[in-house]
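A.B. asks: So that you have it, the file is upload-v5.txt, and it contains compact mmCIF, C-alpha atoms (C1' of nucleotides):
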# COMPACT_ATOMS: atom_id res chain seq x y z
CA MET A 1 -0.99 22.17 -20.43
CA ASN A 2 1.36 21.68 -23.35
CA LEU A 3 0.16 23.58 -26.38
CA SER A 4 1.85 23.60 -29.76
CA LEU A 5 2.55 26.88 -31.51
CA THR A 6 0.02 25.92 -34.16
CA GLN A 7 -2.65 25.21 -31.58
CA ILE A 8 -2.05 28.58 -29.99
CA LYS A 9 -2.15 30.42 -33.27
CA THR A 10 -5.48 28.84 -34.09
CA GLN A 11 -6.82 29.73 -30.67
CA PHE A 12 -5.64 33.33 -31.10
CA GLN A 13 -7.24 33.57 -34.49
CA GLU A 14 -10.58 32.42 -33.12
CA LEU A 15 -10.45 35.17 -30.54
CA GLY A 16 -9.27 37.84 -32.94
CA ILE A 17 -5.84 38.10 -31.39
CA LYS A 18 -3.05 39.02 -33.74
CA SER A 19 -0.41 36.29 -33.68
CA THR A 20 3.10 37.48 -33.00
CA ILE A 21 6.07 35.42 -31.95
CA PRO A 22 6.32 37.01 -28.49
CA ARG A 23 2.66 36.48 -27.75
CA VAL A 24 2.58 32.88 -28.83
CA VAL A 25 5.73 32.08 -26.91
CA ILE A 26 4.56 33.84 -23.76
CA TYR A 27 1.23 32.08 -23.76
CA GLN A 28 2.90 28.74 -24.42
CA SER A 29 5.20 29.26 -21.47
CA LEU A 30 2.34 30.25 -19.19
CA ALA A 31 0.21 27.31 -20.28
CA LYS A 32 3.02 24.88 -19.65
CA ALA A 33 3.94 26.28 -16.24
CA MET A 34 2.41 24.57 -13.26
CA HIS A 35 3.61 27.08 -10.70
CA HIS A 36 1.58 30.23 -11.40
CA PRO A 37 4.51 32.26 -12.67
CA SER A 38 5.07 36.00 -12.36
CA ALA A 39 5.75 38.22 -15.38
CA GLU A 40 9.44 38.13 -14.62
CA GLU A 41 9.51 34.34 -14.35
CA ILE A 42 7.86 34.03 -17.73
CA HIS A 43 10.32 36.51 -19.15
CA LEU A 44 13.18 34.42 -17.80
CA SER A 45 11.70 31.16 -19.04
CA ILE A 46 11.70 32.32 -22.65
CA GLN A 47 15.06 34.12 -22.52
CA LYS A 48 17.11 31.26 -23.92
CA LYS A 49 15.05 30.57 -26.99
CA TYR A 50 13.80 34.10 -27.59
CA PRO A 51 16.28 36.55 -26.07
CA GLY A 52 14.77 39.51 -27.87
CA VAL A 53 11.42 39.56 -26.09
CA SER A 54 11.29 42.39 -23.58
CA LEU A 55 9.74 42.42 -20.16
CA ALA A 56 7.37 45.19 -21.24
CA THR A 57 5.99 42.90 -23.92
CA VAL A 58 5.51 40.15 -21.37
CA TYR A 59 3.46 42.49 -19.21
CA LYS A 60 1.41 43.73 -22.15
CA THR A 61 0.77 40.22 -23.39
CA LEU A 62 -0.28 38.94 -19.99
CA ASP A 63 -2.72 41.81 -19.61
CA MET A 64 -4.10 41.01 -23.03
CA LEU A 65 -4.52 37.33 -22.15
CA VAL A 66 -6.44 38.30 -19.03
CA GLN A 67 -8.65 40.61 -21.07
CA LYS A 68 -9.36 37.80 -23.49
CA SER A 69 -10.05 35.34 -20.66
CA LEU A 70 -7.16 33.08 -21.56
CA ALA A 71 -5.51 33.73 -18.22
CA SER A 72 -6.26 35.22 -14.85
CA LYS A 73 -4.34 37.18 -12.29
CA VAL A 74 -3.48 35.51 -9.03
CA VAL A 75 -2.79 37.99 -6.29
CA THR A 76 -0.79 36.79 -3.33
CA ASP A 77 0.75 38.13 -0.15
CA GLU A 78 3.96 38.65 -2.07
CA ASP A 79 4.28 41.98 -3.77
CA LYS A 80 4.03 40.69 -7.29
CA VAL A 81 1.18 39.36 -9.36
CA ARG A 82 1.15 35.80 -10.62
CA TYR A 83 -0.73 34.40 -13.59
CA ASP A 84 -2.75 31.27 -14.20
CA SER A 85 -3.84 29.87 -17.54
CA LYS A 86 -6.18 27.30 -16.00
CA MET A 87 -9.54 28.95 -16.37
CA GLU A 88 -11.79 26.23 -15.00
CA PRO A 89 -12.91 27.04 -11.45
CA HIS A 90 -10.46 25.62 -8.96
CA ILE A 91 -9.12 26.22 -5.51
CA HIS A 92 -5.69 27.56 -4.64
CA LEU A 93 -3.75 26.18 -1.73
CA TYR A 94 -1.26 28.74 -0.43
CA CYS A 95 1.64 27.32 1.52
CA GLU A 96 2.59 29.95 4.08
CA LYS A 97 6.04 28.47 4.55
CA THR A 98 7.19 28.24 0.94
CA GLN A 99 4.81 30.76 -0.64
CA LYS A 100 4.02 28.12 -3.24
CA ILE A 101 0.58 27.90 -4.78
CA MET A 102 -0.98 24.58 -5.59
CA ASP A 103 -4.11 23.84 -7.54
CA TYR A 104 -6.82 21.78 -5.97
CA ASP A 105 -9.88 20.57 -7.83
CA ASP A 106 -12.97 19.92 -5.81
CA GLN A 107 -16.09 19.80 -7.89
CA GLU A 108 -18.14 18.85 -4.87
CA LEU A 109 -17.14 21.97 -2.95
CA ALA A 110 -17.78 24.18 -5.94
CA GLU A 111 -21.30 22.79 -6.21
CA LEU A 112 -21.83 23.09 -2.47
CA ILE A 113 -20.99 26.79 -2.50
CA ALA A 114 -22.85 27.54 -5.70
CA GLY A 115 -25.89 25.75 -4.28
CA HIS A 116 -25.69 27.76 -1.09
CA PHE A 117 -25.87 31.04 -2.95
CA THR A 118 -28.54 29.85 -5.33
CA LYS A 119 -30.64 29.00 -2.30
CA LYS A 120 -29.73 31.96 -0.18
CA GLY A 121 -28.51 34.65 -2.56
CA ILE A 122 -26.82 37.89 -1.71
CA THR A 123 -28.91 40.99 -1.67
CA ASN A 124 -27.84 43.74 -4.01
CA PHE A 125 -24.86 41.92 -5.47
CA LYS A 126 -24.47 40.11 -8.75
CA ILE A 127 -22.06 37.21 -8.32
CA ASN A 128 -19.68 36.66 -11.20
CA ARG A 129 -17.10 34.44 -9.61
CA ILE A 130 -16.52 32.69 -6.32
CA GLN A 131 -12.91 32.22 -5.25
CA VAL A 132 -11.85 29.93 -2.49
CA ASN A 133 -8.33 30.22 -1.18
CA ILE A 134 -6.93 27.96 1.45
CA LYS A 135 -3.91 29.05 3.44
CA GLY A 136 -1.80 26.69 5.44
CA GLU A 137 1.22 24.49 5.16
CA SER A 138 2.00 21.70 2.77
CA LYS A 139 3.12 18.67 4.71
CA THR A 140 6.17 17.11 3.16
CA ILE A 141 6.88 13.47 3.70
CA LYS A 142 9.46 13.27 6.44
CA ASN A 143 11.95 10.44 6.98
CA LYS A 144 10.62 7.98 4.44
CA MET B 1 -15.53 49.55 15.26
CA ASN B 2 -15.05 52.75 17.27
CA LEU B 3 -12.35 52.32 19.86
CA SER B 4 -11.27 54.94 22.37
CA LEU B 5 -7.62 55.78 22.79
CA THR B 6 -7.76 54.28 26.27
CA GLN B 7 -9.27 51.05 25.02
CA ILE B 8 -6.53 50.76 22.44
CA LYS B 9 -3.79 51.46 24.95
CA THR B 10 -5.11 48.74 27.19
CA GLN B 11 -5.33 46.31 24.29
CA PHE B 12 -1.75 47.14 23.29
CA GLN B 13 -0.51 46.63 26.80
CA GLU B 14 -2.10 43.20 26.97
CA LEU B 15 -0.26 42.21 23.83
CA GLY B 16 3.04 43.73 24.87
CA ILE B 17 2.88 46.49 22.29
CA LYS B 18 4.50 49.76 23.25
CA SER B 19 1.93 52.55 23.08
CA THR B 20 2.92 55.52 21.01
CA ILE B 21 0.71 58.25 19.66
CA PRO B 22 1.19 57.26 16.01
CA ARG B 23 0.40 53.61 16.69
CA VAL B 24 -2.71 54.28 18.68
CA VAL B 25 -4.01 56.77 16.15
CA ILE B 26 -3.29 54.48 13.20
CA TYR B 27 -5.04 51.55 14.78
CA GLN B 28 -7.97 53.72 15.76
CA SER B 29 -8.32 54.92 12.19
CA LEU B 30 -8.12 51.41 10.80
CA ALA B 31 -10.63 50.06 13.29
CA LYS B 32 -13.09 52.82 12.50
CA ALA B 33 -12.75 52.49 8.73
CA MET B 34 -15.32 50.34 7.02
CA HIS B 35 -13.68 50.41 3.62
CA HIS B 36 -10.52 48.34 4.02
CA PRO B 37 -8.13 51.26 3.65
CA SER B 38 -4.65 51.26 2.15
CA ALA B 39 -1.62 52.56 4.02
CA GLU B 40 -1.86 55.82 2.17
CA GLU B 41 -5.55 56.26 2.96
CA ILE B 42 -4.86 55.76 6.62
CA HIS B 43 -2.02 58.24 6.41
CA LEU B 44 -4.36 60.75 4.84
CA SER B 45 -7.12 60.12 7.36
CA ILE B 46 -4.92 61.09 10.30
CA GLN B 47 -3.19 64.02 8.57
CA LYS B 48 -5.44 66.70 9.96
CA LYS B 49 -5.24 65.79 13.60
CA TYR B 50 -1.72 64.38 13.55
CA PRO B 51 0.21 65.96 10.70
CA GLY B 52 3.54 64.74 11.98
CA VAL B 53 2.99 61.04 11.46
CA SER B 54 4.95 59.81 8.44
CA LEU B 55 3.90 57.29 5.85
CA ALA B 56 6.81 55.06 6.82
CA THR B 57 5.42 54.85 10.32
CA VAL B 58 2.02 53.93 8.95
CA TYR B 59 3.55 51.05 7.03
CA LYS B 60 5.58 49.90 9.99
CA THR B 61 2.60 50.07 12.30
CA LEU B 62 0.34 48.18 9.93
CA ASP B 63 2.92 45.44 9.58
CA MET B 64 3.16 45.27 13.34
CA LEU B 65 -0.62 45.02 13.71
CA VAL B 66 -0.68 42.14 11.23
CA GLN B 67 2.11 40.39 13.16
CA LYS B 68 0.15 40.80 16.37
CA SER B 69 -3.06 39.57 14.72
CA LEU B 70 -4.89 42.82 15.22
CA ALA B 71 -5.25 43.29 11.48
CA SER B 72 -4.86 41.39 8.27
CA LYS B 73 -3.74 42.18 4.77
CA VAL B 74 -6.30 42.21 2.02
CA VAL B 75 -4.75 41.76 -1.39
CA THR B 76 -6.76 42.90 -4.35
CA ASP B 77 -6.43 43.24 -8.10
CA GLU B 78 -5.27 46.79 -7.55
CA ASP B 79 -1.58 47.25 -7.05
CA LYS B 80 -1.76 48.20 -3.43
CA VAL B 81 -2.44 46.28 -0.27
CA ARG B 82 -5.45 47.04 1.88
CA TYR B 83 -5.93 46.33 5.56
CA ASP B 84 -8.75 44.98 7.64
CA SER B 85 -9.11 45.10 11.40
CA LYS B 86 -12.06 42.72 11.50
CA MET B 87 -10.44 39.45 12.45
CA GLU B 88 -13.50 37.22 12.68
CA PRO B 89 -13.83 35.02 9.58
CA HIS B 90 -15.90 36.76 6.97
CA ILE B 91 -16.39 36.94 3.25
CA HIS B 92 -15.30 39.78 1.00
CA LEU B 93 -17.42 40.95 -1.87
CA TYR B 94 -15.32 42.62 -4.58
CA CYS B 95 -17.17 44.97 -6.85
CA GLU B 96 -15.45 44.80 -10.20
CA LYS B 97 -16.88 48.12 -11.30
CA THR B 98 -15.97 50.30 -8.33
CA GLN B 99 -13.15 48.19 -6.87
CA LYS B 100 -14.90 48.53 -3.52
CA ILE B 101 -14.73 45.74 -0.99
CA MET B 102 -17.69 44.91 1.20
CA ASP B 103 -17.89 42.60 4.16
CA TYR B 104 -20.40 39.83 4.17
CA ASP B 105 -21.08 37.62 7.15
CA ASP B 106 -22.41 34.20 6.46
CA GLN B 107 -21.96 31.84 9.35
CA GLU B 108 -23.86 29.13 7.53
CA LEU B 109 -21.49 29.17 4.57
CA ALA B 110 -18.45 29.18 6.81
CA GLU B 111 -19.75 26.08 8.56
CA LEU B 112 -20.66 24.45 5.28
CA ILE B 113 -17.13 24.81 3.96
CA ALA B 114 -15.44 23.91 7.21
CA GLY B 115 -17.65 20.82 7.44
CA HIS B 116 -16.78 19.82 3.90
CA PHE B 117 -13.08 19.79 4.66
CA THR B 118 -13.52 18.10 8.00
CA LYS B 119 -15.33 15.32 6.19
CA LYS B 120 -13.19 15.20 3.13
CA GLY B 121 -9.85 16.67 4.11
CA ILE B 122 -7.00 17.63 1.88
CA THR B 123 -4.15 15.22 1.61
CA ASN B 124 -0.76 16.53 2.61
CA PHE B 125 -1.94 20.01 3.53
CA LYS B 126 -2.59 21.55 6.91
CA ILE B 127 -5.41 24.07 6.64
CA ASN B 128 -4.96 27.24 8.66
CA ARG B 129 -7.48 29.52 7.07
CA ILE B 130 -10.17 29.36 4.42
CA GLN B 131 -10.84 32.53 2.47
CA VAL B 132 -13.86 33.04 0.30
CA ASN B 133 -13.91 35.96 -2.08
CA ILE B 134 -16.83 36.79 -4.25
CA LYS B 135 -16.32 38.93 -7.30
CA GLY B 136 -19.09 40.65 -9.13
CA GLU B 137 -21.00 43.88 -9.20
CA SER B 138 -22.90 45.67 -6.51
CA LYS B 139 -26.32 46.59 -7.76
CA THR B 140 -27.17 50.15 -6.85
CA ILE B 141 -30.71 51.29 -6.64
CA LYS B 142 -31.47 53.08 -9.86
CA ASN B 143 -34.04 55.86 -10.37
CA LYS B 144 -35.72 55.77 -7.02
C1' DT C 1 4.36 43.86 -52.84
C1' DT C 2 2.73 47.64 -50.59
C1' DA C 3 0.57 50.30 -47.13
C1' DA C 4 -1.97 51.01 -42.95
C1' DA C 5 -2.42 49.52 -38.48
C1' DA C 6 -0.89 47.25 -34.60
C1' DT C 7 2.86 45.58 -31.85
C1' DT C 8 7.52 45.48 -30.09
C1' DG C 9 11.55 46.81 -27.46
C1' DA C 10 14.33 50.15 -25.04
C1' DT C 11 13.95 53.11 -21.70
C1' DA C 12 11.90 56.50 -18.71
C1' DA C 13 8.40 57.21 -15.42
C1' DA C 14 5.19 56.14 -11.94
C1' DT C 15 3.82 53.75 -7.78
C1' DA C 16 4.05 51.14 -3.73
C1' DT C 17 6.82 49.48 -0.26
C1' DT C 18 11.09 48.76 2.38
C1' DA C 19 15.57 50.12 4.34
C1' DT C 20 18.62 53.38 6.62
C1' DC C 21 19.91 56.22 10.17
C1' DT C 22 19.60 60.01 13.46
C1' DA C 23 16.53 62.33 16.69
C1' DT C 24 12.87 61.62 19.61
C1' DT C 25 9.97 59.19 22.64
C1' DT C 26 8.79 55.56 25.76
C1' DA C 27 9.11 52.74 29.78
C1' DT C 28 11.88 51.67 33.66
C1' DT C 29 14.57 52.23 37.62
C1' DG C 30 16.42 54.56 41.32
C1' DC D 1 10.49 62.90 39.17
C1' DA D 2 15.12 62.57 36.76
C1' DA D 3 18.19 59.71 34.36
C1' DT D 4 18.91 56.05 31.21
C1' DA D 5 18.56 52.27 28.01
C1' DA D 6 15.85 50.60 24.52
C1' DA D 7 12.58 51.08 21.12
C1' DT D 8 10.27 53.89 17.79
C1' DA D 9 9.48 57.83 14.59
C1' DG D 10 10.42 60.65 10.79
C1' DA D 11 12.92 62.07 6.70
C1' DT D 12 14.63 60.35 2.90
C1' DA D 13 16.99 57.15 -0.10
C1' DA D 14 16.61 52.80 -2.18
C1' DT D 15 14.19 48.94 -4.20
C1' DA D 16 10.82 46.58 -6.87
C1' DT D 17 7.05 46.10 -9.70
C1' DT D 18 4.33 47.80 -13.17
C1' DT D 19 2.98 51.26 -16.61
C1' DA D 20 3.79 54.82 -20.19
C1' DT D 21 6.22 56.65 -24.20
C1' DC D 22 7.54 56.46 -28.80
C1' DA D 23 10.36 55.26 -32.83
C1' DA D 24 11.28 51.02 -35.31
C1' DT D 25 9.57 46.72 -36.67
C1' DT D 26 6.18 43.34 -37.83
C1' DT D 27 1.71 41.78 -39.15
C1' DT D 28 -2.38 41.55 -41.89
C1' DA D 29 -5.08 42.71 -45.66
C1' DA D 30 -5.57 44.43 -50.18
Represent the supplied structure as structure tokens.
C.D. replies:
Amino acid sequence: MNLSLTQIKTQFQELGIKSTIPRVVIYQSLAKAMHHPSAEEIHLSIQKKYPGVSLATVYKTLDMLVQKSLASKVVTDEDKVRYDSKMEPHIHLYCEKTQKIMDYDDQELAELIAGHFTKKGITNFKINRIQVNIKGESKTIKNK
Amino acid sequence: MNLSLTQIKTQFQELGIKSTIPRVVIYQSLAKAMHHPSAEEIHLSIQKKYPGVSLATVYKTLDMLVQKSLASKVVTDEDKVRYDSKMEPHIHLYCEKTQKIMDYDDQELAELIAGHFTKKGITNFKINRIQVNIKGESKTIKNK
DNA sequence: TTAAAATTGATAAATATTATCTATTTATTG
DNA sequence: CAATAAATAGATAATATTTATCAATTTTAA
């Protein structure tokens, strides 16, 4: 999602987040990215335009965004954490060959699962969020 | 699952895994544990009886077990990897308060989801495994 | 414009995991 | 059983990611 600096500042204000250049830029980069970037990737992506922003600030800002529910952590089999600014429920497809993560929207499945638990429930557990991850391989189109 | 040393040795032999004391003991500890232990927890758990076994060996052995499909990695929001020796498909309940992971078997849900994808499919993606994680809070029994 | 409070950036520290390399152990063969 | 080749273990160094520290800077509010 492409967000303007003004849009972000407004959004921050509504949530009581102090607007600083690093924060706005980091969130803009995350929101634009389609590939669930790591802290370091975000740091790199803003290097050219904002060389001053440190990696520590990127980490602190990402944590803050997660706290404020503007982003979520995506843990993977790699040893680093990735981030996602798409907060609507969606499924992640993990390609085991390329380690890439793709988004997959499936409203029907979401309802199917939610319905199952509404009907059946889980004893002694309060469900906040249901995550579905699919692991496999993305088929690329061979010899056109 | 409680496995005897002999059972494990036999299982290793069948899979072409060389039986060493550290390996057998590590796998036994993992198989017995119900709490999805980390490498360090496994290392601790065998300290008393087998003080010689190093943490490096625990890591190497766990990797090997994952390669041989005797265990799987469980990534969490914590910054360490946990391991699971239960290889049958099952759901993990993540308690966001205690960070504890509980197993939850729900054959019906598994079939529901599998059926959904059989019917609907995902374009350009070969599904190997479907993981369902449920995040929330485990309700403990208050004031008996 | 000023002042208090919060944030930043540079760097050190902590933590988890992997790599290296020699000594030991295992499995095999005679 | 003994000898041997191959694989593994253990100690430790190295790497990588993330967090903590703290003075300097920036923001917000008055």
A.B. asks: Taking all atoms listed in the file into account and nothing else, which residues of chain D lie no more than 10 Å away from chain A? Please answer as a list in words.
C.D. replies: DA16, DT17, DT18, DT19, DT26, DT27 and DT28 of chain D
A.B. asks: Please check the contacts: residues of chain C at most 10 Å away from chain B, using only C-alpha atoms (C1' of nucleotides), listed as a list in words.
C.D. replies: DT15, DA16, DT17, DT18, DT25, DT26 and DA27 of chain C
A.B. asks: With all atoms listed in the file as the basis for distance, which of B:Ser54, B:Thr6, B:Ser85, B:Ser72 is at the shortest distance from chain A?
C.D. replies: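 The closest residue to chain A is B:Ser72.
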A.B. asks: Only residues of chain A matter here; which ones have an atom within 6 Å of chain B, counting all atoms listed in the file? Give them as an MDAnalysis selection string.
C.D. replies: chainID A and resid 124:139
A.B. asks: All in-order C-alpha pairs, least squares, chain B moved onto chain A. Output the fitted coordinates as a tab-separated table (two decimals) with C-alpha atoms, in the frame of the given file, please.
C.D. replies:
chain	number	residue	atom	x	y	z
B	1	MET	CA	-1.08	22.15	-20.43
B	2	ASN	CA	1.33	21.66	-23.34
B	3	LEU	CA	0.17	23.56	-26.38
B	4	SER	CA	1.88	23.57	-29.75
B	5	LEU	CA	2.64	26.83	-31.49
B	6	THR	CA	0.11	25.90	-34.16
B	7	GLN	CA	-2.59	25.21	-31.61
B	8	ILE	CA	-1.97	28.57	-30.02
B	9	LYS	CA	-2.03	30.39	-33.33
B	10	THR	CA	-5.36	28.84	-34.16
B	11	GLN	CA	-6.75	29.74	-30.75
B	12	PHE	CA	-5.54	33.32	-31.17
B	13	GLN	CA	-7.11	33.59	-34.58
B	14	GLU	CA	-10.46	32.44	-33.24
B	15	LEU	CA	-10.35	35.19	-30.66
B	16	GLY	CA	-9.15	37.86	-33.05
B	17	ILE	CA	-5.72	38.09	-31.48
B	18	LYS	CA	-2.88	38.97	-33.81
B	19	SER	CA	-0.25	36.23	-33.70
B	20	THR	CA	3.25	37.40	-33.00
B	21	ILE	CA	6.21	35.34	-31.91
B	22	PRO	CA	6.44	36.94	-28.46
B	23	ARG	CA	2.74	36.44	-27.76
B	24	VAL	CA	2.66	32.84	-28.81
B	25	VAL	CA	5.79	32.00	-26.86
B	26	ILE	CA	4.58	33.79	-23.73
B	27	TYR	CA	1.25	32.04	-23.77
B	28	GLN	CA	2.92	28.71	-24.41
B	29	SER	CA	5.18	29.23	-21.42
B	30	LEU	CA	2.30	30.23	-19.18
B	31	ALA	CA	0.16	27.31	-20.28
B	32	LYS	CA	2.96	24.85	-19.63
B	33	ALA	CA	3.86	26.27	-16.22
B	34	MET	CA	2.29	24.56	-13.26
B	35	HIS	CA	3.49	27.07	-10.70
B	36	HIS	CA	1.48	30.22	-11.41
B	37	PRO	CA	4.43	32.24	-12.66
B	38	SER	CA	5.00	35.98	-12.36
B	39	ALA	CA	5.72	38.18	-15.35
B	40	GLU	CA	9.39	38.08	-14.57
B	41	GLU	CA	9.46	34.29	-14.29
B	42	ILE	CA	7.84	33.98	-17.67
B	43	HIS	CA	10.33	36.45	-19.08
B	44	LEU	CA	13.15	34.35	-17.68
B	45	SER	CA	11.68	31.09	-18.94
B	46	ILE	CA	11.72	32.25	-22.56
B	47	GLN	CA	15.09	34.03	-22.38
B	48	LYS	CA	17.13	31.17	-23.75
B	49	LYS	CA	15.12	30.45	-26.84
B	50	TYR	CA	13.89	33.99	-27.45
B	51	PRO	CA	16.35	36.44	-25.92
B	52	GLY	CA	14.87	39.40	-27.73
B	53	VAL	CA	11.52	39.47	-26.00
B	54	SER	CA	11.37	42.33	-23.49
B	55	LEU	CA	9.77	42.36	-20.08
B	56	ALA	CA	7.43	45.13	-21.19
B	57	THR	CA	6.08	42.85	-23.87
B	58	VAL	CA	5.55	40.10	-21.33
B	59	TYR	CA	3.47	42.45	-19.20
B	60	LYS	CA	1.50	43.69	-22.16
B	61	THR	CA	0.84	40.19	-23.40
B	62	LEU	CA	-0.26	38.93	-20.01
B	63	ASP	CA	-2.67	41.81	-19.67
B	64	MET	CA	-4.02	41.01	-23.10
B	65	LEU	CA	-4.48	37.34	-22.21
B	66	VAL	CA	-6.42	38.32	-19.10
B	67	GLN	CA	-8.62	40.65	-21.17
B	68	LYS	CA	-9.30	37.84	-23.61
B	69	SER	CA	-10.03	35.39	-20.78
B	70	LEU	CA	-7.16	33.11	-21.63
B	71	ALA	CA	-5.53	33.76	-18.28
B	72	SER	CA	-6.30	35.26	-14.92
B	73	LYS	CA	-4.41	37.21	-12.33
B	74	VAL	CA	-3.58	35.54	-9.07
B	75	VAL	CA	-2.88	38.02	-6.32
B	76	THR	CA	-0.91	36.79	-3.36
B	77	ASP	CA	0.61	38.12	-0.16
B	78	GLU	CA	3.83	38.64	-2.06
B	79	ASP	CA	4.21	41.96	-3.77
B	80	LYS	CA	3.95	40.66	-7.28
B	81	VAL	CA	1.11	39.36	-9.37
B	82	ARG	CA	1.07	35.80	-10.62
B	83	TYR	CA	-0.79	34.40	-13.60
B	84	ASP	CA	-2.81	31.30	-14.23
B	85	SER	CA	-3.90	29.89	-17.57
B	86	LYS	CA	-6.26	27.34	-16.06
B	87	MET	CA	-9.62	29.01	-16.45
B	88	GLU	CA	-11.89	26.30	-15.07
B	89	PRO	CA	-13.00	27.12	-11.51
B	90	HIS	CA	-10.58	25.67	-9.03
B	91	ILE	CA	-9.24	26.22	-5.56
B	92	HIS	CA	-5.80	27.54	-4.69
B	93	LEU	CA	-3.84	26.18	-1.80
B	94	TYR	CA	-1.34	28.74	-0.47
B	95	CYS	CA	1.56	27.33	1.45
B	96	GLU	CA	2.51	29.92	4.02
B	97	LYS	CA	5.97	28.47	4.47
B	98	THR	CA	7.12	28.24	0.86
B	99	GLN	CA	4.73	30.77	-0.70
B	100	LYS	CA	3.94	28.13	-3.30
B	101	ILE	CA	0.50	27.92	-4.82
B	102	MET	CA	-1.07	24.59	-5.66
B	103	ASP	CA	-4.20	23.85	-7.60
B	104	TYR	CA	-6.90	21.79	-6.03
B	105	ASP	CA	-9.96	20.58	-7.87
B	106	ASP	CA	-13.02	19.92	-5.84
B	107	GLN	CA	-16.16	19.82	-7.89
B	108	GLU	CA	-18.20	18.85	-4.87
B	109	LEU	CA	-17.16	21.93	-2.92
B	110	ALA	CA	-17.78	24.20	-5.87
B	111	GLU	CA	-21.31	22.85	-6.15
B	112	LEU	CA	-21.83	23.09	-2.42
B	113	ILE	CA	-20.98	26.78	-2.40
B	114	ALA	CA	-22.82	27.59	-5.59
B	115	GLY	CA	-25.88	25.80	-4.22
B	116	HIS	CA	-25.68	27.74	-0.98
B	117	PHE	CA	-25.85	31.05	-2.78
B	118	THR	CA	-28.52	29.90	-5.18
B	119	LYS	CA	-30.63	29.02	-2.17
B	120	LYS	CA	-29.72	31.93	-0.01
B	121	GLY	CA	-28.54	34.66	-2.34
B	122	ILE	CA	-26.85	37.88	-1.47
B	123	THR	CA	-28.97	40.96	-1.38
B	124	ASN	CA	-27.95	43.75	-3.70
B	125	PHE	CA	-24.98	41.95	-5.21
B	126	LYS	CA	-24.61	40.20	-8.52
B	127	ILE	CA	-22.22	37.28	-8.17
B	128	ASN	CA	-19.84	36.77	-11.07
B	129	ARG	CA	-17.24	34.53	-9.54
B	130	ILE	CA	-16.62	32.73	-6.27
B	131	GLN	CA	-13.02	32.26	-5.24
B	132	VAL	CA	-11.93	29.92	-2.51
B	133	ASN	CA	-8.40	30.19	-1.20
B	134	ILE	CA	-7.01	27.91	1.41
B	135	LYS	CA	-4.00	28.99	3.39
B	136	GLY	CA	-1.86	26.66	5.38
B	137	GLU	CA	1.17	24.47	5.07
B	138	SER	CA	1.96	21.69	2.68
B	139	LYS	CA	3.14	18.67	4.58
B	140	THR	CA	6.20	17.18	2.96
B	141	ILE	CA	7.12	13.61	3.51
B	142	LYS	CA	9.82	13.57	6.13
B	143	ASN	CA	12.55	10.93	6.55
B	144	LYS	CA	11.35	8.40	4.05
A.B. asks: Between C1' of DA12 (chain C) and C1' of DC22 (chain D), what is the distance in Å, rounded to a tenth?
C.D. replies: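 One can read the C1' of DA12 (chain C) to C1' of DC22 (chain D) distance as 11.0 Å.
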A.B. asks: What is the distance between CA of Asn2 (chain A) and CA of Ala31 (chain A), in Å to one decimal?
C.D. replies: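 Separating CA of Asn2 (chain A) from CA of Ala31 (chain A) is a distance of 6.5 Å.
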A.B. asks: Let me have the centre and edge lengths of the axis-aligned box enclosing all listed atoms of region 9-20 of chain C with 4 Å padding on every side, in Å to one decimal, as lines of an AutoDock Vina configuration file.
C.D. replies:
center_x = 11.2
center_y = 52.0
center_z = -10.4
size_x = 22.8
size_y = 18.4
size_z = 42.1
A.B. asks: What gap, in Å, lies between CA of Ala71 (chain B) and CA of Asp84 (chain B)?
C.D. replies: 5.5 Å
A.B. asks: So which residues touch Met1 (chain B) within 12 Å, counting all atoms listed in the file, skipping near sequence neighbours fewer than 6 positions away, as number ranges by chain?
C.D. replies: B: 7-8, 27-35, 84-87
